[in-house]
Amino acid sequence: MEGQGCVGNFLQRCKPYIAMISLQFGYAGMNIITKVSLNRGMSHYVLVVYRHAFATAAIAPFALVLERKVRPKITFPIFMQIFVLGLLGPVIDQNFYYAGLKFTSPTFSCAMSNMLPAMTFVMAVFCRMEKLDMKKVRCQAKVVGTIVTVAGAMLMTLYKGHVINFVWSGHIHHPKSYAPANATGSTDKDWIKGSILLIIATFAWASFFIVQAITMRRYSAQLSLTALVCFLGTLQSIAVTFVMERKPSVWTIGWDMNLLAAAYAGIVSSSIAYYVQGLVMQKRGPVFVTAFSPLMMIIVAIMGSFILAEKMYLGGIVGAILIVIGLYSVLWGKYKEYKEKEAIEAIPEPVKVGGENIGRMTTVMEDIEANDFDFLEMQKTSEANKEITVQVLAISAPIPQSPMIAVEAPKASLRRT
């Protein structure tokens with residue numbers, strides 16, 4: 001029984017890690033399939049619309065059935081938060097990300113996305129969702145990791161370097177329809193433009209996580225929240241597409257890679273991903289959710305070299321390494337914070353008088369002990385003063401004899417005679 005309990009506890013602790021690692025595989029497949037679809041001429045505005053239409057159709061039935069009794073009432077502030085989520089995620093983030101993906105490569109786009117934890121951490125500090133105490137090593141690790149991550153992103157943007165080929169790159173035949181039209185290499189101007197677009201997309205994505213964490217405090221139905229975000233994102237994306245794309249032919253979609261890209265991205269990367277991220281975020285926070293993207297970069301780099309004949313550059317590799325180092329510095333700090341919080345929550349409630357901060361708890365306990373000591377000293381002094389007063393009264397005033405003793409004494413003397 002103890003062995004089964006240990007295994008159960010281990011699996012329970014591993015659930016957030018398994019969920020986030022699985023999502024990275026899903027995101028990696030989305031990047032490759034989407035890049036192929038964009039290379040074949042699909043508009044990224046239309047792709048975003050179809051993606052969230054599929055996402056809404058996939059998640060809405062589950063939300064209607066499973067959460068019909070626990071769904072909170074939507075107030076105007078909650079609706080505005082959901083509206084902002086639809087604007088940040090489906091519209092701003094994904095349109096800028098797809099536009100940046102057109103000008104760069106899937107691996108480069110994934111590497112730039114690794115800035116997400118650092119951006120999320122900075123925004124969480126400003127929103128007071130993360131506490132920053134520079135006296136603690138875990139907070140120092142977060143700050144240093146953020147700086148290193150930004151440095152790596154700047155290096156990837158400003159320095160390209162020479163091409164780095166994989167060992168298997170020259171032995172694989174790549175279909176022409178899968179390879180990008182500008183496979184000979186993007187211009188530096190397009191590369192920088194794509195980098196800026198990806199940075200804006202990452203900033204919007206980090207903002208999405210922060211607003212999602214705030215919204216879930218008041219609207220705890222994860223499936224319903226995901227369905228509403230996807231639905232509003234679809235409507236907003238339709239409005240943006242009507243403005244940006246004037247040709248009716250861009251809406252045409254057949255039984256091809258474009259349909260697969262929209263369906264896969266909508267079902268896996270939007271509906272399932274939003275729901276799983278919401279569940280993990282409730283337990284571990286937004287920084288933990290964003291800390292697994294380097295795995296997606298590695299998967300995309302390998303798949304991209306096989307499928308898309310993707311070229312890797314020295315600047316991109318060095319910058320990606322710096323970003324990963326900074327990312328895991330932030331993750332280490334977050335892990336230490338989680339363990340510290342877990343240890344505080346294990347303390348019984350009467351003892352936990354100082355809240356989450358151990359230092360404050362110790363100080364309050366010391367103050368209570370000092371006050372108790374002073375109170376005892378005062379009590380002892382008061383009792384001593386009372387004893388002295390009683391003794392003085394006893395000396396100064398004679399003790400009167402009880403009348404009952406005075407009456408009973410003669411009877412005793414008569415009995416003796």
# chains A, B, ... in the order shown; residues from 1 in each chain; ligands from 1
$ residues_around --residues "region 199-205 of chain A" --least-positions-apart "4" --cutoff "12 Å" --atoms "only C-alpha atoms" --output "PyMOL selection string"
chain A and resi 84-101+108-123+150+153-154+156-157+192-195+209-212+274+286+289-290+293
$ atom_distance --atom1 "CA of Val70 (chain A)" --atom2 "CA of Ala227 (chain A)"
15.0 Å
$ residues_around --residues "Ile299 (chain A)" --least-positions-apart "5" --cutoff "9 Å" --atoms "only C-alpha atoms" --output "count of residues only"
7
$ atom_distance --atom1 "CA of Thr226 (chain A)" --atom2 "CA of Leu198 (chain A)"
23.7 Å
$ select_by_dssp --residues "region 136-302 of chain A" --states "helix (DSSP H, G or I)" --output "PyMOL selection string"
chain A and resi 137-158+169-171+188-218+222-244+248-251+257-284+286-289+293-302
$ closest_residue --among "A:Leu308, A:Met80, A:Val280, A:Ile164" --to "Val229 (chain A)" --atoms "only C-alpha atoms"
A:Met80
$ residues_around --residues "Lys336 (chain A)" --least-positions-apart "5" --cutoff "9 Å" --atoms "only C-alpha atoms" --output "list in words"
Arg138, Leu331 and Lys341 of chain A
$ residues_around --residues "Ile325 (chain A)" --least-positions-apart "3" --cutoff "9 Å" --atoms "only C-alpha atoms" --output "tab-separated table (two decimals) with N, CA and C atoms, in the first residue's frame"
chain	number	residue	atom	x	y	z
A	145	GLY	N	18.49	35.31	-15.37
A	145	GLY	CA	17.95	34.54	-16.49
A	145	GLY	C	17.20	35.42	-17.48
A	148	VAL	N	19.86	37.38	-19.54
A	148	VAL	CA	20.53	36.50	-20.50
A	148	VAL	C	19.60	36.16	-21.66
A	149	THR	N	18.33	35.95	-21.35
A	149	THR	CA	17.36	35.64	-22.40
A	149	THR	C	17.22	36.79	-23.39
A	320	ALA	N	20.16	31.06	-29.41
A	320	ALA	CA	19.23	30.08	-28.84
A	320	ALA	C	19.80	29.43	-27.58
A	321	ILE	N	21.11	29.17	-27.60
A	321	ILE	CA	21.74	28.60	-26.40
A	321	ILE	C	21.66	29.56	-25.22
A	322	LEU	N	21.92	30.84	-25.48
A	322	LEU	CA	21.81	31.84	-24.41
A	322	LEU	C	20.37	31.93	-23.90
A	328	TYR	N	16.17	28.47	-18.28
A	328	TYR	CA	16.22	27.51	-17.19
A	328	TYR	C	16.73	28.12	-15.90
A	329	SER	N	17.39	29.26	-15.99
A	329	SER	CA	17.70	30.01	-14.78
A	329	SER	C	16.41	30.54	-14.15
A	330	VAL	N	15.52	31.04	-15.01
A	330	VAL	CA	14.21	31.48	-14.52
A	330	VAL	C	13.41	30.30	-13.97
$ residues_around --residues "Lys15 (chain A)" --least-positions-apart "6" --cutoff "12 Å" --atoms "only C-alpha atoms" --output "list in words"
Gly8, Asn9, Ile21, Ser22, Val276, Leu279, Val280, Lys283 and Arg284 of chain A
$ atom_distance --atom1 "CA of Ile323 (chain A)" --atom2 "CA of Ala151 (chain A)"
7.7 Å
$ closest_residue --among "A:Ala221, A:Leu295, A:Gly285, A:Ser269" --to "Tyr338 (chain A)" --atoms "only C-alpha atoms"
A:Gly285
$ closest_residue --among "A:Leu47, A:Leu64, A:Ile238, A:Val324" --to "Leu259 (chain A)" --atoms "only C-alpha atoms"
A:Leu47
$ decode --residues "region 203-215 of chain A" --atoms "N, CA, C and O atoms" --output "PDB file, in the first residue's frame"
ATOM      1  N   PHE A 203       5.460  39.141 -26.884  1.00  0.00           N
ATOM      2  CA  PHE A 203       4.955  40.069 -25.869  1.00  0.00           C
ATOM      3  C   PHE A 203       3.444  39.924 -25.706  1.00  0.00           C
ATOM      4  O   PHE A 203       2.919  39.921 -24.581  1.00  0.00           O
ATOM      5  N   ALA A 204       2.734  39.794 -26.823  1.00  0.00           N
ATOM      6  CA  ALA A 204       1.285  39.597 -26.751  1.00  0.00           C
ATOM      7  C   ALA A 204       0.942  38.270 -26.090  1.00  0.00           C
ATOM      8  O   ALA A 204      -0.034  38.178 -25.319  1.00  0.00           O
ATOM      9  N   TRP A 205       1.736  37.248 -26.366  1.00  0.00           N
ATOM     10  CA  TRP A 205       1.504  35.935 -25.760  1.00  0.00           C
ATOM     11  C   TRP A 205       1.716  35.988 -24.248  1.00  0.00           C
ATOM     12  O   TRP A 205       0.935  35.425 -23.468  1.00  0.00           O
ATOM     13  N   ALA A 206       2.777  36.679 -23.806  1.00  0.00           N
ATOM     14  CA  ALA A 206       3.019  36.837 -22.371  1.00  0.00           C
ATOM     15  C   ALA A 206       1.871  37.604 -21.713  1.00  0.00           C
ATOM     16  O   ALA A 206       1.424  37.254 -20.614  1.00  0.00           O
ATOM     17  N   SER A 207       1.383  38.633 -22.390  1.00  0.00           N
ATOM     18  CA  SER A 207       0.240  39.381 -21.858  1.00  0.00           C
ATOM     19  C   SER A 207      -0.989  38.490 -21.760  1.00  0.00           C
ATOM     20  O   SER A 207      -1.786  38.606 -20.814  1.00  0.00           O
ATOM     21  N   PHE A 208      -1.155  37.599 -22.723  1.00  0.00           N
ATOM     22  CA  PHE A 208      -2.279  36.661 -22.700  1.00  0.00           C
ATOM     23  C   PHE A 208      -2.231  35.794 -21.445  1.00  0.00           C
ATOM     24  O   PHE A 208      -3.262  35.579 -20.788  1.00  0.00           O
ATOM     25  N   PHE A 209      -1.049  35.287 -21.085  1.00  0.00           N
ATOM     26  CA  PHE A 209      -0.922  34.434 -19.901  1.00  0.00           C
ATOM     27  C   PHE A 209      -1.259  35.206 -18.627  1.00  0.00           C
ATOM     28  O   PHE A 209      -1.916  34.681 -17.721  1.00  0.00           O
ATOM     29  N   ILE A 210      -0.813  36.448 -18.552  1.00  0.00           N
ATOM     30  CA  ILE A 210      -1.076  37.240 -17.355  1.00  0.00           C
ATOM     31  C   ILE A 210      -2.568  37.512 -17.213  1.00  0.00           C
ATOM     32  O   ILE A 210      -3.157  37.328 -16.137  1.00  0.00           O
ATOM     33  N   VAL A 211      -3.209  37.940 -18.299  1.00  0.00           N
ATOM     34  CA  VAL A 211      -4.650  38.227 -18.245  1.00  0.00           C
ATOM     35  C   VAL A 211      -5.442  36.948 -17.994  1.00  0.00           C
ATOM     36  O   VAL A 211      -6.459  36.957 -17.282  1.00  0.00           O
ATOM     37  N   GLN A 212      -4.988  35.823 -18.560  1.00  0.00           N
ATOM     38  CA  GLN A 212      -5.674  34.551 -18.329  1.00  0.00           C
ATOM     39  C   GLN A 212      -5.624  34.160 -16.857  1.00  0.00           C
ATOM     40  O   GLN A 212      -6.618  33.693 -16.287  1.00  0.00           O
ATOM     41  N   ALA A 213      -4.459  34.344 -16.232  1.00  0.00           N
ATOM     42  CA  ALA A 213      -4.336  34.019 -14.813  1.00  0.00           C
ATOM     43  C   ALA A 213      -5.238  34.908 -13.962  1.00  0.00           C
ATOM     44  O   ALA A 213      -5.845  34.442 -12.981  1.00  0.00           O
ATOM     45  N   ILE A 214      -5.375  36.177 -14.323  1.00  0.00           N
ATOM     46  CA  ILE A 214      -6.255  37.084 -13.582  1.00  0.00           C
ATOM     47  C   ILE A 214      -7.721  36.712 -13.792  1.00  0.00           C
ATOM     48  O   ILE A 214      -8.521  36.697 -12.851  1.00  0.00           O
ATOM     49  N   THR A 215      -8.077  36.376 -15.036  1.00  0.00           N
ATOM     50  CA  THR A 215      -9.468  36.048 -15.350  1.00  0.00           C
ATOM     51  C   THR A 215      -9.917  34.771 -14.656  1.00  0.00           C
ATOM     52  O   THR A 215     -11.064  34.670 -14.196  1.00  0.00           O
TER      53      THR A 215
END
